[in-house]
$ cat my_file_33.cif   # mmCIF, C-alpha atoms
data_upload
#
loop_
_atom_site.label_atom_id
_atom_site.label_comp_id
_atom_site.auth_asym_id
_atom_site.auth_seq_id
_atom_site.Cartn_x
_atom_site.Cartn_y
_atom_site.Cartn_z
CA MET A 22 1.18 -18.33 -38.10
CA THR A 23 0.70 -21.86 -36.94
CA LYS A 24 -2.59 -23.73 -36.73
CA LEU A 25 -3.50 -24.81 -33.23
CA THR A 26 -6.62 -26.59 -32.07
CA ILE A 27 -7.61 -26.54 -28.41
CA VAL A 28 -10.43 -28.93 -27.58
CA ALA A 29 -12.42 -27.74 -24.58
CA HIS A 30 -13.66 -30.34 -22.12
CA ASP A 31 -17.20 -30.10 -23.49
CA GLY A 32 -15.85 -31.06 -26.92
CA VAL A 33 -15.94 -27.61 -28.52
CA ASN A 34 -12.96 -27.03 -30.84
CA PHE A 35 -11.10 -23.72 -30.77
CA ASP A 36 -9.19 -23.39 -34.04
CA ILE A 37 -6.58 -20.72 -33.56
CA ASP A 38 -3.98 -19.05 -35.77
CA ALA A 39 -1.18 -18.89 -33.24
CA GLU A 40 1.84 -16.65 -33.47
CA ASP A 41 5.13 -18.54 -33.48
CA GLY A 42 6.92 -18.08 -30.19
CA SER A 43 3.72 -17.61 -28.21
CA THR A 44 2.66 -20.26 -25.74
CA VAL A 45 -0.37 -22.52 -26.04
CA MET A 46 -1.61 -21.03 -22.75
CA GLU A 47 -1.48 -17.46 -24.10
CA ASN A 48 -3.52 -18.51 -27.12
CA ALA A 49 -6.05 -20.28 -24.93
CA VAL A 50 -6.48 -17.21 -22.70
CA ARG A 51 -6.68 -14.79 -25.65
CA ASN A 52 -9.42 -16.91 -27.19
CA SER A 53 -11.23 -17.43 -23.87
CA VAL A 54 -10.99 -21.20 -23.98
CA PRO A 55 -12.91 -22.42 -20.93
CA GLY A 56 -10.94 -24.45 -18.41
CA ILE A 57 -7.56 -22.79 -18.86
CA GLU A 58 -7.15 -20.64 -15.76
CA ALA A 59 -3.42 -19.81 -15.84
CA GLU A 60 -3.53 -18.37 -12.34
CA CYS A 61 0.17 -17.51 -12.21
CA GLY A 62 0.24 -15.88 -15.62
CA GLY A 63 2.69 -18.27 -17.24
CA ALA A 64 5.47 -18.46 -14.66
CA CYS A 65 5.26 -22.25 -14.38
CA ALA A 66 4.28 -21.62 -10.77
CA CYS A 67 0.83 -23.19 -10.64
CA ALA A 68 -0.83 -26.04 -12.47
CA THR A 69 -3.95 -24.39 -13.76
CA CYS A 70 -3.18 -24.42 -17.49
CA HIS A 71 -2.89 -28.20 -17.60
CA VAL A 72 -3.65 -29.84 -20.98
CA TYR A 73 -3.41 -33.29 -22.52
CA VAL A 74 -1.42 -33.22 -25.75
CA ASP A 75 -3.21 -35.24 -28.40
CA ASP A 76 -1.60 -38.68 -28.67
CA ALA A 77 -0.64 -38.04 -32.29
CA TRP A 78 1.38 -34.99 -31.21
CA ALA A 79 2.82 -36.16 -27.93
CA GLU A 80 6.19 -37.15 -29.29
CA LYS A 81 6.67 -33.99 -31.35
CA VAL A 82 5.76 -31.71 -28.44
CA GLY A 83 8.08 -33.63 -26.15
CA SER A 84 8.09 -34.18 -22.42
CA PRO A 85 8.14 -31.59 -19.64
CA GLN A 86 11.29 -30.11 -18.09
CA VAL A 87 12.02 -30.86 -14.44
CA MET A 88 10.33 -27.73 -13.09
CA GLU A 89 7.20 -28.34 -15.13
CA GLU A 90 7.13 -32.01 -14.11
CA ASP A 91 7.30 -30.88 -10.46
CA MET A 92 4.42 -28.47 -11.02
CA LEU A 93 2.34 -31.23 -12.65
CA ASP A 94 2.29 -32.90 -9.23
CA PHE A 95 -0.33 -30.31 -8.34
CA ALA A 96 -2.53 -30.94 -11.37
CA TYR A 97 -5.66 -33.08 -11.44
CA ASP A 98 -5.79 -36.43 -13.26
CA VAL A 99 -2.29 -36.28 -14.72
CA ARG A 100 -1.76 -38.59 -17.71
CA PRO A 101 1.26 -39.61 -19.79
CA THR A 102 0.70 -36.75 -22.29
CA SER A 103 0.00 -34.11 -19.63
CA ARG A 104 1.71 -30.75 -20.09
CA LEU A 105 1.35 -27.25 -18.74
CA SER A 106 0.25 -25.22 -21.74
CA CYS A 107 2.31 -22.19 -20.64
CA GLN A 108 5.41 -24.28 -21.29
CA ILE A 109 4.51 -25.33 -24.84
CA LYS A 110 5.89 -22.82 -27.34
CA VAL A 111 4.22 -22.64 -30.73
CA THR A 112 6.66 -23.33 -33.60
CA PRO A 113 6.11 -24.05 -37.31
CA GLU A 114 6.94 -27.73 -36.60
CA LEU A 115 3.80 -27.91 -34.47
CA ASP A 116 1.46 -26.75 -37.27
CA GLY A 117 -1.86 -28.52 -36.70
CA LEU A 118 -1.19 -29.25 -33.01
CA ILE A 119 -4.15 -30.52 -31.01
CA VAL A 120 -4.41 -30.30 -27.21
CA HIS A 121 -7.30 -31.25 -24.94
CA VAL A 122 -8.47 -29.38 -21.85
CA PRO A 123 -8.98 -31.67 -18.83
CA GLU A 124 -12.19 -31.95 -16.84
CA ARG A 125 -10.90 -29.53 -14.23
CA GLN A 126 -7.84 -27.61 -13.12
CA ALA A 127 -6.35 -28.09 -9.67
CA MET B 19 -0.71 -14.78 27.68
CA ALA B 20 -1.56 -13.04 24.44
CA SER B 21 0.75 -10.15 23.66
CA LEU B 22 -0.17 -6.61 22.76
CA ILE B 23 2.05 -4.54 20.49
CA GLU B 24 1.43 -0.82 20.14
CA THR B 25 2.96 0.84 17.11
CA ASP B 26 2.39 3.52 14.48
CA ILE B 27 1.59 1.31 11.51
CA VAL B 28 0.58 -2.31 11.02
CA ILE B 29 1.28 -3.67 7.54
CA ILE B 30 -0.56 -6.81 6.55
CA GLY B 31 1.65 -8.68 4.09
CA ALA B 32 5.45 -8.71 3.87
CA GLY B 33 5.74 -8.95 0.10
CA PRO B 34 7.76 -6.44 -1.95
CA VAL B 35 5.16 -3.70 -1.62
CA GLY B 36 4.71 -4.16 2.14
CA LEU B 37 8.49 -4.06 2.55
CA PHE B 38 8.88 -0.89 0.51
CA ALA B 39 6.09 0.74 2.51
CA VAL B 40 8.38 0.39 5.57
CA PHE B 41 10.93 2.52 3.72
CA GLU B 42 8.54 5.28 2.74
CA LEU B 43 6.97 5.36 6.21
CA GLY B 44 10.36 5.10 7.87
CA LEU B 45 11.48 8.34 6.25
CA TYR B 46 8.83 9.99 8.43
CA ASP B 47 9.94 8.16 11.57
CA LEU B 48 6.91 5.90 11.57
CA GLU B 49 7.41 2.54 13.25
CA CYS B 50 6.05 -0.45 11.34
CA HIS B 51 5.14 -4.02 12.19
CA LEU B 52 4.55 -6.49 9.37
CA ILE B 53 2.41 -9.61 9.65
CA ASP B 54 2.53 -12.40 7.08
CA ILE B 55 1.05 -15.89 6.85
CA LEU B 56 4.23 -17.23 5.23
CA ASP B 57 7.37 -18.07 7.19
CA ARG B 58 9.49 -15.32 5.60
CA SER B 59 9.23 -12.07 3.69
CA GLY B 60 8.92 -11.67 -0.07
CA GLY B 61 5.37 -12.89 -0.63
CA GLN B 62 4.76 -14.28 -4.09
CA CYS B 63 8.30 -13.28 -5.14
CA THR B 64 9.91 -15.78 -2.81
CA GLU B 65 7.04 -18.27 -2.51
CA LEU B 66 6.05 -18.69 -6.15
CA TYR B 67 9.02 -17.64 -8.26
CA PRO B 68 12.23 -17.05 -6.25
CA GLU B 69 14.43 -17.98 -9.20
CA LYS B 70 12.39 -16.34 -11.94
CA PRO B 71 13.82 -13.15 -13.37
CA ILE B 72 11.62 -10.05 -13.23
CA TYR B 73 12.30 -7.61 -16.08
CA ASP B 74 10.19 -4.58 -15.21
CA ILE B 75 11.71 -3.24 -12.01
CA PRO B 76 13.06 0.24 -12.83
CA ALA B 77 16.88 0.29 -13.11
CA TRP B 78 17.09 -3.50 -12.73
CA PRO B 79 17.10 -4.96 -16.26
CA LYS B 80 16.83 -8.37 -14.66
CA ILE B 81 16.38 -9.37 -11.02
CA SER B 82 15.02 -12.54 -9.42
CA GLY B 83 12.20 -12.55 -6.89
CA GLN B 84 14.64 -13.67 -4.23
CA GLU B 85 17.19 -10.93 -5.01
CA LEU B 86 14.52 -8.25 -5.11
CA THR B 87 13.36 -9.30 -1.65
CA GLU B 88 16.91 -9.30 -0.29
CA LYS B 89 17.56 -5.82 -1.73
CA LEU B 90 14.36 -4.49 -0.18
CA LEU B 91 15.27 -5.97 3.20
CA GLU B 92 18.65 -4.27 2.94
CA GLN B 93 16.98 -1.00 2.02
CA ILE B 94 14.61 -1.01 5.01
CA LYS B 95 17.14 -2.30 7.54
CA PRO B 96 17.75 1.17 9.06
CA PHE B 97 14.09 1.30 10.12
CA SER B 98 14.15 -2.05 12.01
CA PRO B 99 10.56 -3.08 11.35
CA GLY B 100 8.96 -5.82 13.45
CA PHE B 101 8.32 -9.03 11.54
CA HIS B 102 5.61 -11.49 12.58
CA PHE B 103 5.53 -14.57 10.37
CA ASN B 104 3.34 -17.68 10.22
CA ARG B 105 0.31 -15.70 11.29
CA MET B 106 -2.90 -14.81 9.59
CA VAL B 107 -4.62 -11.56 10.47
CA THR B 108 -8.11 -12.59 11.45
CA GLY B 109 -9.64 -9.47 12.98
CA LEU B 110 -9.55 -5.75 12.36
CA GLU B 111 -11.55 -3.46 14.61
CA LYS B 112 -11.74 0.24 15.26
CA LEU B 113 -11.21 1.25 18.89
CA ASP B 114 -12.89 4.14 20.68
CA ASP B 115 -9.62 6.10 20.74
CA GLY B 116 -9.56 6.07 16.90
CA ARG B 117 -6.85 3.46 16.62
CA PHE B 118 -7.24 0.06 15.02
CA GLU B 119 -6.81 -3.29 16.72
CA VAL B 120 -5.47 -6.07 14.56
CA THR B 121 -5.77 -9.67 15.81
CA THR B 122 -3.92 -12.71 14.50
CA ASP B 123 -4.80 -16.40 14.59
CA GLU B 124 -1.97 -16.79 17.12
CA GLY B 125 -3.91 -14.54 19.48
CA GLU B 126 -1.63 -11.49 19.40
CA LYS B 127 -3.08 -8.02 19.23
CA PHE B 128 -1.58 -4.99 17.56
CA ARG B 129 -2.79 -1.43 18.05
CA ALA B 130 -1.96 1.24 15.50
CA LYS B 131 -3.32 4.48 14.11
CA VAL B 132 -2.90 3.25 10.56
CA VAL B 133 -3.32 -0.17 8.94
CA VAL B 134 -1.85 -0.85 5.52
CA VAL B 135 -3.19 -3.88 3.67
CA ALA B 136 -0.46 -5.07 1.30
CA ALA B 137 -1.70 -8.60 1.06
CA GLY B 138 -1.16 -9.21 -2.66
CA GLY B 139 -3.41 -11.98 -3.89
CA GLY B 140 -4.56 -12.70 -0.35
CA SER B 141 -3.20 -15.18 2.13
CA PHE B 142 -1.48 -18.34 1.00
CA GLN B 143 -3.48 -21.33 2.06
CA PRO B 144 -3.15 -25.06 1.34
CA LYS B 145 -4.63 -26.06 -1.96
CA ARG B 146 -7.59 -28.39 -1.84
CA PRO B 147 -7.04 -31.25 -4.29
CA PRO B 148 -9.93 -31.56 -6.74
CA ILE B 149 -11.23 -34.83 -5.32
CA PRO B 150 -15.04 -34.93 -5.46
CA GLY B 151 -16.66 -34.58 -2.04
CA ILE B 152 -13.42 -33.88 -0.15
CA GLU B 153 -14.99 -30.92 1.70
CA ALA B 154 -17.18 -33.28 3.73
CA PHE B 155 -14.10 -34.91 5.26
CA GLU B 156 -12.12 -31.75 6.04
CA GLY B 157 -11.33 -31.33 9.71
CA LYS B 158 -12.40 -34.89 10.55
CA GLY B 159 -10.57 -37.23 8.21
CA VAL B 160 -8.77 -34.85 5.85
CA PHE B 161 -6.24 -32.33 7.18
CA TYR B 162 -3.99 -29.92 5.30
CA SER B 163 -1.46 -29.56 8.10
CA VAL B 164 -0.54 -31.36 11.28
CA ARG B 165 -1.42 -29.17 14.22
CA ARG B 166 -1.29 -31.96 16.82
CA MET B 167 0.50 -35.24 16.24
CA GLU B 168 -1.93 -36.87 18.69
CA ASP B 169 -4.74 -36.57 16.12
CA PHE B 170 -2.84 -39.13 14.07
CA ARG B 171 -1.93 -41.62 16.80
CA ASP B 172 -2.95 -45.20 15.95
CA GLN B 173 -4.59 -43.99 12.74
CA ASP B 174 -4.13 -45.34 9.22
CA VAL B 175 -2.64 -42.29 7.59
CA LEU B 176 -2.60 -41.59 3.87
CA ILE B 177 -0.19 -38.86 2.81
CA VAL B 178 -0.45 -37.50 -0.72
CA GLY B 179 2.25 -35.46 -2.43
CA GLY B 180 5.90 -35.44 -3.38
CA GLY B 181 7.36 -32.37 -1.72
CA ASP B 182 9.08 -31.74 1.59
CA SER B 183 5.85 -31.55 3.60
CA ALA B 184 4.68 -34.94 2.33
CA LEU B 185 8.04 -36.59 3.00
CA ASP B 186 8.60 -34.91 6.38
CA TRP B 187 5.22 -35.96 7.70
CA THR B 188 5.64 -39.48 6.38
CA LEU B 189 8.79 -39.71 8.50
CA ASN B 190 7.38 -37.89 11.54
CA LEU B 191 4.07 -39.73 11.73
CA GLN B 192 5.46 -43.18 11.05
CA PRO B 193 6.35 -43.89 14.72
CA VAL B 194 2.95 -42.60 15.93
CA ALA B 195 0.45 -43.84 13.36
CA ALA B 196 -0.90 -47.38 13.01
CA SER B 197 0.20 -47.24 9.36
CA VAL B 198 1.48 -44.66 6.92
CA THR B 199 0.98 -44.83 3.17
CA LEU B 200 2.59 -42.23 0.94
CA VAL B 201 1.02 -41.69 -2.47
CA HIS B 202 2.71 -39.71 -5.20
CA ARG B 203 2.02 -39.73 -8.93
CA ARG B 204 5.61 -40.64 -9.86
CA ALA B 205 8.78 -42.06 -8.37
CA GLU B 206 10.63 -38.71 -8.37
CA PHE B 207 10.23 -36.28 -5.50
CA ARG B 208 10.65 -32.55 -5.00
CA ALA B 209 11.93 -33.12 -1.48
CA ALA B 210 15.35 -33.20 0.17
CA ASP B 211 17.32 -36.29 -0.86
CA ASP B 212 17.91 -37.17 2.77
CA SER B 213 14.16 -37.39 3.49
CA VAL B 214 13.54 -39.43 0.36
CA ASN B 215 16.30 -41.89 1.32
CA LYS B 216 14.91 -42.21 4.84
CA MET B 217 11.44 -42.88 3.48
CA LEU B 218 12.78 -45.51 1.07
CA ALA B 219 14.66 -47.19 3.92
CA LEU B 220 11.48 -47.32 6.00
CA ARG B 221 9.64 -48.76 3.04
CA GLU B 222 12.35 -51.37 2.63
CA ALA B 223 11.90 -52.29 6.30
CA GLY B 224 8.15 -52.56 5.81
CA ALA B 225 7.41 -49.62 8.12
CA VAL B 226 5.75 -47.38 5.52
CA ARG B 227 4.10 -48.04 2.18
CA PHE B 228 4.73 -46.01 -0.95
CA GLU B 229 2.32 -46.15 -3.87
CA ILE B 230 2.55 -44.48 -7.26
CA GLY B 231 -0.71 -42.99 -8.42
CA GLN B 232 -3.34 -40.36 -7.84
CA ILE B 233 -6.26 -40.31 -5.42
CA THR B 234 -9.54 -39.98 -7.33
CA ALA B 235 -12.22 -40.61 -4.71
CA LEU B 236 -12.79 -40.89 -0.96
CA ARG B 237 -15.17 -43.06 0.96
CA GLY B 238 -16.56 -42.80 4.48
CA GLU B 239 -19.54 -41.62 6.47
CA ASP B 240 -20.32 -38.32 8.18
CA GLY B 241 -16.83 -37.00 7.62
CA ALA B 242 -15.21 -40.11 9.05
CA LEU B 243 -12.75 -41.28 6.44
CA GLN B 244 -12.60 -45.01 5.68
CA GLY B 245 -10.70 -45.28 2.46
CA ALA B 246 -9.46 -43.68 -0.74
CA THR B 247 -9.40 -44.80 -4.35
CA LEU B 248 -5.92 -44.96 -5.79
CA LYS B 249 -5.62 -44.74 -9.55
CA GLY B 250 -2.24 -46.23 -10.33
CA PRO B 251 -0.42 -47.75 -13.28
CA GLU B 252 -2.26 -51.04 -12.66
CA GLY B 253 -5.71 -49.54 -12.47
CA GLU B 254 -7.86 -48.52 -9.53
CA ARG B 255 -7.93 -49.95 -6.05
CA ASP B 256 -9.03 -49.02 -2.56
CA ILE B 257 -6.64 -48.00 0.21
CA PRO B 258 -8.22 -48.19 3.67
CA CYS B 259 -7.33 -45.12 5.75
CA SER B 260 -8.78 -42.99 8.54
CA ARG B 261 -6.69 -39.85 8.00
CA MET B 262 -5.56 -38.16 4.83
CA LEU B 263 -2.99 -35.38 4.51
CA PRO B 264 -2.96 -33.93 0.98
CA PHE B 265 0.01 -31.65 0.21
CA PHE B 266 -0.82 -29.95 -3.06
CA GLY B 267 0.94 -26.65 -2.56
CA LEU B 268 -0.53 -23.29 -1.75
CA THR B 269 -3.10 -21.06 -3.30
CA MET B 270 -4.09 -17.48 -2.51
CA LYS B 271 -7.37 -16.58 -0.88
CA LEU B 272 -8.68 -13.19 0.20
CA GLY B 273 -9.63 -14.76 3.53
CA PRO B 274 -10.85 -12.69 6.50
CA ILE B 275 -10.14 -9.38 4.68
CA ALA B 276 -13.50 -9.86 2.97
CA ASP B 277 -15.26 -9.56 6.33
CA TRP B 278 -13.84 -6.22 7.44
CA GLY B 279 -16.55 -4.13 5.86
CA LEU B 280 -14.27 -2.47 3.33
CA ASN B 281 -15.69 -1.63 -0.08
CA LEU B 282 -14.61 -4.35 -2.48
CA HIS B 283 -14.44 -4.49 -6.24
CA GLU B 284 -14.42 -8.10 -7.50
CA ASN B 285 -12.52 -9.38 -4.46
CA LEU B 286 -10.09 -6.46 -4.47
CA ILE B 287 -10.12 -3.53 -2.09
CA ALA B 288 -11.34 -0.32 -3.69
CA VAL B 289 -9.10 2.70 -2.99
CA ASP B 290 -8.69 6.28 -4.15
CA THR B 291 -5.68 7.20 -6.24
CA GLU B 292 -4.52 10.13 -4.15
CA LYS B 293 -3.81 8.29 -0.91
CA PHE B 294 -4.73 4.68 -1.68
CA GLU B 295 -7.06 4.79 1.26
CA THR B 296 -9.95 2.32 1.54
CA SER B 297 -13.55 3.15 2.36
CA GLU B 298 -12.46 3.20 6.03
CA PRO B 299 -10.27 6.25 6.82
CA GLY B 300 -6.95 5.13 8.28
CA ILE B 301 -6.95 1.81 6.44
CA PHE B 302 -4.94 1.82 3.24
CA ALA B 303 -4.53 -0.86 0.59
CA ILE B 304 -1.52 -1.00 -1.72
CA GLY B 305 -0.16 -3.45 -4.29
CA ASP B 306 -2.01 -6.29 -5.99
CA ILE B 307 -4.78 -6.34 -3.39
CA ASN B 308 -6.23 -2.94 -4.33
CA TRP B 309 -8.32 -1.72 -7.21
CA TYR B 310 -8.88 1.65 -8.84
CA PRO B 311 -9.65 2.61 -12.43
CA GLY B 312 -6.61 1.80 -14.54
CA LYS B 313 -4.99 -0.42 -11.90
CA LEU B 314 -2.08 -2.51 -13.13
CA LYS B 315 -0.84 -5.37 -10.97
CA LEU B 316 2.82 -4.49 -11.19
CA ILE B 317 5.36 -4.35 -8.40
CA LEU B 318 6.32 -0.85 -9.52
CA SER B 319 2.73 0.33 -9.20
CA GLY B 320 2.75 -0.95 -5.63
CA PHE B 321 5.93 1.01 -4.88
CA HIS B 322 4.31 4.21 -6.15
CA GLU B 323 1.20 3.52 -4.10
CA ALA B 324 3.35 2.99 -1.00
CA ALA B 325 4.99 6.41 -1.42
CA LEU B 326 1.69 8.26 -1.72
CA MET B 327 0.10 6.27 1.07
CA ALA B 328 2.98 7.26 3.37
CA GLN B 329 2.21 10.97 2.87
CA ALA B 330 -1.36 10.44 4.03
CA ALA B 331 -0.40 8.04 6.82
CA ARG B 332 2.10 10.41 8.42
CA LYS B 333 -0.58 13.10 8.66
CA ILE B 334 -2.83 10.66 10.51
CA VAL B 335 -0.13 9.52 12.94
CA ASN B 336 1.33 12.98 13.55
CA PRO B 337 -1.39 15.46 12.60
CA ASP B 338 0.34 18.47 14.13
CA LYS B 339 3.85 17.86 12.84
CA ARG B 340 4.92 20.14 10.01
CA VAL B 341 6.91 18.13 7.50
CA VAL B 342 8.60 19.43 4.39
CA PHE B 343 8.93 16.97 1.54
CA GLN B 344 12.60 16.10 1.07
CA TYR B 345 14.76 14.04 -1.25
CA THR B 346 17.03 11.27 -0.02
CA THR B 347 19.74 12.53 -2.40
CA SER B 348 20.07 15.90 -0.68
CA SER B 349 18.44 15.82 2.74
CA THR B 350 20.94 15.31 5.55
CA SER B 351 18.17 14.44 7.99
CA LEU B 352 16.86 11.67 5.73
CA GLN B 353 20.41 10.46 5.18
CA LYS B 354 20.92 10.30 8.93
CA LYS B 355 17.84 8.09 9.23
CA LEU B 356 19.20 5.85 6.50
CA GLY B 357 22.50 5.60 8.35
CA VAL B 358 24.55 6.97 5.46
CA LYS B 359 25.55 10.29 7.10
#

$ encode --input "my_file_33.cif" --output "structure tokens"
Amino acid sequence: MTKLTIVAHDGVNFDIDAEDGSTVMENAVRNSVPGIEAECGGACACATCHVYVDDAWAEKVGSPQVMEEDMLDFAYDVRPTSRLSCQIKVTPELDGLIVHVPERQA
Amino acid sequence: MASLIETDIVIIGAGPVGLFAVFELGLYDLECHLIDILDRSGGQCTELYPEKPIYDIPAWPKISGQELTEKLLEQIKPFSPGFHFNRMVTGLEKLDDGRFEVTTDEGEKFRAKVVVVAAGGGSFQPKRPPIPGIEAFEGKGVFYSVRRMEDFRDQDVLIVGGGDSALDWTLNLQPVAASVTLVHRRAEFRAADDSVNKMLALREAGAVRFEIGQITALRGEDGALQGATLKGPEGERDIPCSRMLPFFGLTMKLGPIADWGLNLHENLIAVDTEKFETSEPGIFAIGDINWYPGKLKLILSGFHEAALMAQAARKIVNPDKRVVFQYTTSSTSLQKKLGVK
């Protein structure tokens, strides 16, 4: 299990014990984090699970692949640490990861 | 002159489930016409995830959305269904003779004894970018497609996006518009290289502008657009414009289906699990668009629903015909229809 914190847009923290290999999106949906819609169910085919990776974690999480970067074109208020949470896999190296939910999804 | 097509069955939606319905209905000699808002068949499989492998199609350990669609088209080829793309079904009415009349936004009419709604998540429609207050400008200053180039003549046009639509319209409107500014959040595009190179050449020549950034606000009065706020690497600034074309992909909406008087369950069409018939006899709903207790939105569930629907539909179209259920493996008459005997 890996510790994951998802900060909702209203500031509420969701501290989650995430299974390694699961995606941040799946954990957000399972824990009913508001603001993560995941319309396409994790196929990297929409941009409704957009999150900002906390600055302290940005480098460790890494940057998006081409397909994800393309999809981010459809997201709202994209920033340098923007990622689609369905494309971030939980691993032991990410223990303590913090991501922030944006104001709205596209 | 609007056309009228008379057929046995109209299928709304040419996704995998609509396509397979043609097969099941075809075994009973029922002629089908499919209508879809997209420009080709496959629905979500080809529009959202053509390259993505699907792992839960029986007997296909792994198949892509594109391949699945191609296989289905091959499977239904013997039944030569009519395809009508780039159209949205807007109206559905019951006629005095018991048939249904289906109308599209292109003005065609279809008459059939049975209508099968296989519309998946609804019709694909342009996504509205989440810019506050954008609704007020829609249809006057903000458009999601170019229906008439003339609406853009001598206008200051702002095009937002980085795909083929954004690039194509930048190139097409440049000779007509007073000015064209393309805004995209990064310097890489999802469009054909040729279009990107043409746009860059025009920019070099000073004929179009290209800005990196995102649009965060619009300004104007009574729907008349006057400018947009661009949030770029160097902060925010105003771009004067009278027309905006945002290309932010497609989303699915139930659309006019909601107005047909069918019983709905949370935006899905309620059906029985014997025939997958809606609250209106003769109208069926199969695939992701329907709901019944225990419903699973799986392609395979849609295939099953199509098979059972076909049994009920054939009795409506040919009430007096005695039909014995047969298997494609052993029935020579079915094999003849499939063109394998």

$ resolve_selection --input "my_file_33.cif" --expression "the PyMOL selection byres ((chain A and resi 54) around 9)" --output "NGL selection string"
:A and (27-29 or 35 or 48-53 or 55-57 or 122)

$ closest_residue --input "my_file_33.cif" --among "A:Pro101, A:Gly42, A:Gly32, A:Gly117" --to "Tyr73 of chain A" --atoms "only C-alpha atoms"
A:Pro101

$ residues_near_point --input "my_file_33.cif" --point "(14.1, -35.8, 1.5)" --cutoff "12 Å" --atoms "all atoms listed in the file" --output "number ranges by chain"
B: 180-189, 206-219

$ interface_residues --input "my_file_33.cif" --of "chain A" --to "chain B" --cutoff "10 Å" --atoms "only C-alpha atoms" --output "NGL selection string"
:A and (60-61 or 64-67 or 87-88 or 90-100 or 125-127)

$ resolve_selection --input "my_file_33.cif" --expression "the PyMOL selection byres ((chain B and resi 307) around 12)" --output "PDB file with C-alpha atoms, keeping the file's coordinate frame"
ATOM      1  CA  ILE B  30      -0.560  -6.810   6.550  1.00  0.00           C
ATOM      2  CA  GLY B  31       1.650  -8.680   4.090  1.00  0.00           C
ATOM      3  CA  GLY B  33       5.740  -8.950   0.100  1.00  0.00           C
ATOM      4  CA  VAL B  35       5.160  -3.700  -1.620  1.00  0.00           C
ATOM      5  CA  GLY B  36       4.710  -4.160   2.140  1.00  0.00           C
ATOM      6  CA  VAL B 134      -1.850  -0.850   5.520  1.00  0.00           C
ATOM      7  CA  VAL B 135      -3.190  -3.880   3.670  1.00  0.00           C
ATOM      8  CA  ALA B 136      -0.460  -5.070   1.300  1.00  0.00           C
ATOM      9  CA  ALA B 137      -1.700  -8.600   1.060  1.00  0.00           C
ATOM     10  CA  GLY B 138      -1.160  -9.210  -2.660  1.00  0.00           C
ATOM     11  CA  GLY B 139      -3.410 -11.980  -3.890  1.00  0.00           C
ATOM     12  CA  GLY B 140      -4.560 -12.700  -0.350  1.00  0.00           C
ATOM     13  CA  SER B 141      -3.200 -15.180   2.130  1.00  0.00           C
ATOM     14  CA  MET B 270      -4.090 -17.480  -2.510  1.00  0.00           C
ATOM     15  CA  LYS B 271      -7.370 -16.580  -0.880  1.00  0.00           C
ATOM     16  CA  LEU B 272      -8.680 -13.190   0.200  1.00  0.00           C
ATOM     17  CA  GLY B 273      -9.630 -14.760   3.530  1.00  0.00           C
ATOM     18  CA  ILE B 275     -10.140  -9.380   4.680  1.00  0.00           C
ATOM     19  CA  ALA B 276     -13.500  -9.860   2.970  1.00  0.00           C
ATOM     20  CA  LEU B 282     -14.610  -4.350  -2.480  1.00  0.00           C
ATOM     21  CA  HIS B 283     -14.440  -4.490  -6.240  1.00  0.00           C
ATOM     22  CA  GLU B 284     -14.420  -8.100  -7.500  1.00  0.00           C
ATOM     23  CA  ASN B 285     -12.520  -9.380  -4.460  1.00  0.00           C
ATOM     24  CA  LEU B 286     -10.090  -6.460  -4.470  1.00  0.00           C
ATOM     25  CA  ILE B 287     -10.120  -3.530  -2.090  1.00  0.00           C
ATOM     26  CA  ALA B 288     -11.340  -0.320  -3.690  1.00  0.00           C
ATOM     27  CA  VAL B 289      -9.100   2.700  -2.990  1.00  0.00           C
ATOM     28  CA  PHE B 294      -4.730   4.680  -1.680  1.00  0.00           C
ATOM     29  CA  THR B 296      -9.950   2.320   1.540  1.00  0.00           C
ATOM     30  CA  PHE B 302      -4.940   1.820   3.240  1.00  0.00           C
ATOM     31  CA  ALA B 303      -4.530  -0.860   0.590  1.00  0.00           C
ATOM     32  CA  ILE B 304      -1.520  -1.000  -1.720  1.00  0.00           C
ATOM     33  CA  GLY B 305      -0.160  -3.450  -4.290  1.00  0.00           C
ATOM     34  CA  ASP B 306      -2.010  -6.290  -5.990  1.00  0.00           C
ATOM     35  CA  ASN B 308      -6.230  -2.940  -4.330  1.00  0.00           C
ATOM     36  CA  TRP B 309      -8.320  -1.720  -7.210  1.00  0.00           C
ATOM     37  CA  TYR B 310      -8.880   1.650  -8.840  1.00  0.00           C
ATOM     38  CA  LYS B 313      -4.990  -0.420 -11.900  1.00  0.00           C
ATOM     39  CA  LEU B 314      -2.080  -2.510 -13.130  1.00  0.00           C
ATOM     40  CA  LYS B 315      -0.840  -5.370 -10.970  1.00  0.00           C
ATOM     41  CA  LEU B 316       2.820  -4.490 -11.190  1.00  0.00           C
ATOM     42  CA  ILE B 317       5.360  -4.350  -8.400  1.00  0.00           C
ATOM     43  CA  SER B 319       2.730   0.330  -9.200  1.00  0.00           C
ATOM     44  CA  GLY B 320       2.750  -0.950  -5.630  1.00  0.00           C
ATOM     45  CA  GLU B 323       1.200   3.520  -4.100  1.00  0.00           C
TER      46      GLU B 323
END

$ atom_distance --input "my_file_33.cif" --atom1 "atom CA of Gly83 of chain A" --atom2 "atom CA of Phe228 of chain B"
28.3 Å

$ closest_residue --input "my_file_33.cif" --among "A:Ala39, A:Ala68, A:Val45, A:Leu25" --to "Lys110 of chain A" --atoms "all atoms listed in the file"
A:Val45

$ atom_distance --input "my_file_33.cif" --atom1 "atom CA of Val132 of chain B" --atom2 "atom CA of Glu85 of chain B"
29.1 Å

$ residues_around --input "my_file_33.cif" --residues "Glu24 of chain B" --least-positions-apart "6" --cutoff "10 Å" --atoms "all atoms listed in the file" --output "list in words"
Glu49, Cys50, His51, Arg117, Glu119, Lys127, Phe128, Arg129, Ala130 and Lys131 of chain B
